[in-house]
Amino acid sequence: MNILLSFIFLSALLDWYAVYKGWKKLEYFLKPVTMIFLFIFLFVSTGFQDIALWFGIGIIFSLAGDIFLMLPKEQFIAGLVAFLIAHIAYIIGFNQTLPAFNIATLIWAVLLGIIAAQLYKQIAAGLVKQSKESLLRPVLTYTAVIAIMLLSALITLSRPEWSSSAAITVSIGAALFMLSDAILAWNKFVEPIKNGRVMNMAAYHLGQIILIYGVVMHF
């Protein structure tokens, strides 16, 4: 298992460097390979038993999203839909039972609602500025779903079946995953961020790796 983790991190690090240097061919190879290694890690660690199956499905659709977004002619909507399905799979994985309604859940929901609304407001303005109004509804839907995914991860902190260490780990991973999408959208639709693509990929890979590691810890 440690060897697999080493391969995952090495592949991710090399991918970030390839993005930084603009080495497209190497990036096209390493980006999906990193997710394939992560998929294998989850399978070897859990056998896709119980909730792990949903996270395995999430990785597969994330891999599909990666490929759509790095095609020579980017398929943004296809990539967005693939990642949307990935987040829905993660949401199902986190919510095998109904979440308890308590003050902590309410606070997380309100905070994430405010953050997601403010983020969407800025991205929507950028879309209108670029005359891409057709993306407003898909991006709104995606923003809502990823916020629910992060909320679902945070709710594990209150779930008795989740250890505190596993719950904290998946929460950090989910937060980084949402951050990576925020960086991607801001860099693409609002204004360029210096080394934005490298920051996006680093947050994305770390988010996925940490989230899946937290799921493995749950076992």
# chains A, B, ... in the order shown; residues from 1 in each chain; ligands from 1
>>> closest_atom_pairs(of="range 9-68 of chain A", to="range 85-97 of chain A", cutoff="6 Å", atoms="only C-alpha atoms", output="Markdown table")
| residue | atom | partner | partner_atom | distance |
| --- | --- | --- | --- | --- |
| A:Ile51 | CA | A:Gly93 | CA | 5.0 |
| A:Trp54 | CA | A:Gly93 | CA | 5.2 |
| A:Phe55 | CA | A:Tyr90 | CA | 5.6 |
| A:Gly58 | CA | A:Ala86 | CA | 4.0 |
| A:Phe61 | CA | A:Ala86 | CA | 5.2 |
| A:Ser62 | CA | A:Ala86 | CA | 5.8 |
>>> write_last_selection(atoms="C-alpha atoms", output="mmCIF file, in the first residue's frame")
data_model
loop_
_atom_site.group_PDB
_atom_site.id
_atom_site.type_symbol
_atom_site.label_atom_id
_atom_site.label_comp_id
_atom_site.auth_asym_id
_atom_site.auth_seq_id
_atom_site.Cartn_x
_atom_site.Cartn_y
_atom_site.Cartn_z
ATOM 1 C CA ILE A 51 -19.156 2.750 0.672
ATOM 2 C CA TRP A 54 -19.194 4.778 -4.553
ATOM 3 C CA PHE A 55 -15.812 6.422 -4.212
ATOM 4 C CA GLY A 58 -16.306 8.812 -8.287
ATOM 5 C CA PHE A 61 -15.881 9.761 -13.487
ATOM 6 C CA SER A 62 -13.170 12.132 -12.246
#
>>> residues_around(residues="Thr143 in chain A", least_positions_apart="3", cutoff="10 Å", atoms="only C-alpha atoms", output="list in words")
Leu84, Gly113, Ala116, Ala117, Leu119, Tyr120, Arg137, Pro138, Val139, Leu140, Ile146, Ala147, Ile148, Met149, Met178, Asp181 and Ala182 of chain A
>>> atom_distance(atom1="CA of Val33 in chain A", atom2="CA of Gly79 in chain A")
17.2 Å
>>> closest_residue(among="A:Thr141, A:Ile212, A:Leu184, A:Ile115", to="Ala153 in chain A", atoms="only C-alpha atoms")
A:Ile212
>>> closest_atom_pairs(of="range 151-216 of chain A", to="range 25-32 of chain A", cutoff="12 Å", atoms="only C-alpha atoms", output="Markdown table")
| residue | atom | partner | partner_atom | distance |
| --- | --- | --- | --- | --- |
| A:Arg197 | CA | A:Glu27 | CA | 11.6 |
| A:Val198 | CA | A:Glu27 | CA | 11.2 |
| A:Met201 | CA | A:Lys31 | CA | 8.8 |
| A:Ala202 | CA | A:Lys31 | CA | 11.0 |
| A:Tyr204 | CA | A:Lys31 | CA | 10.5 |
| A:His205 | CA | A:Lys31 | CA | 9.0 |
>>> write_last_selection(atoms="N, CA and C atoms", output="PDB file, in the first residue's frame")
ATOM      1  N   ARG A 197      -2.938  27.174 -13.199  1.00  0.00           N
ATOM      2  CA  ARG A 197      -3.132  25.766 -13.581  1.00  0.00           C
ATOM      3  C   ARG A 197      -2.352  24.838 -12.657  1.00  0.00           C
ATOM      4  N   VAL A 198      -1.153  25.257 -12.252  1.00  0.00           N
ATOM      5  CA  VAL A 198      -0.368  24.436 -11.324  1.00  0.00           C
ATOM      6  C   VAL A 198      -1.075  24.365  -9.970  1.00  0.00           C
ATOM      7  N   MET A 201      -4.107  22.043 -10.278  1.00  0.00           N
ATOM      8  CA  MET A 201      -3.783  20.620 -10.295  1.00  0.00           C
ATOM      9  C   MET A 201      -3.279  20.137  -8.937  1.00  0.00           C
ATOM     10  N   ALA A 202      -2.494  20.972  -8.247  1.00  0.00           N
ATOM     11  CA  ALA A 202      -1.992  20.580  -6.931  1.00  0.00           C
ATOM     12  C   ALA A 202      -3.149  20.400  -5.951  1.00  0.00           C
ATOM     13  N   TYR A 204      -6.264  19.849  -6.716  1.00  0.00           N
ATOM     14  CA  TYR A 204      -7.102  18.738  -7.196  1.00  0.00           C
ATOM     15  C   TYR A 204      -6.538  17.382  -6.785  1.00  0.00           C
ATOM     16  N   HIS A 205      -5.270  17.152  -7.106  1.00  0.00           N
ATOM     17  CA  HIS A 205      -4.676  15.856  -6.770  1.00  0.00           C
ATOM     18  C   HIS A 205      -4.598  15.640  -5.264  1.00  0.00           C
TER      19      HIS A 205
END
>>> atom_distance(atom1="CA of Ile210 in chain A", atom2="CA of Thr169 in chain A")
6.3 Å
>>> atom_distance(atom1="CA of Asp66 in chain A", atom2="CA of Phe83 in chain A")
8.5 Å
>>> closest_residue(among="A:Leu112, A:Leu206, A:Val190, A:Ala100", to="Ser11 in chain A", atoms="only C-alpha atoms")
A:Leu206
>>> closest_residue(among="A:Trp186, A:Phe48, A:Phe177, A:Tyr213", to="Ile8 in chain A", atoms="only C-alpha atoms")
A:Tyr213
>>> closest_residue(among="A:Ala125, A:Leu211, A:Tyr17, A:Phe43", to="Leu154 in chain A", atoms="only C-alpha atoms")
A:Leu211
>>> closest_residue(among="A:Ala52, A:Val215, A:Asn102, A:Phe189", to="Ser131 in chain A", atoms="only C-alpha atoms")
A:Phe189
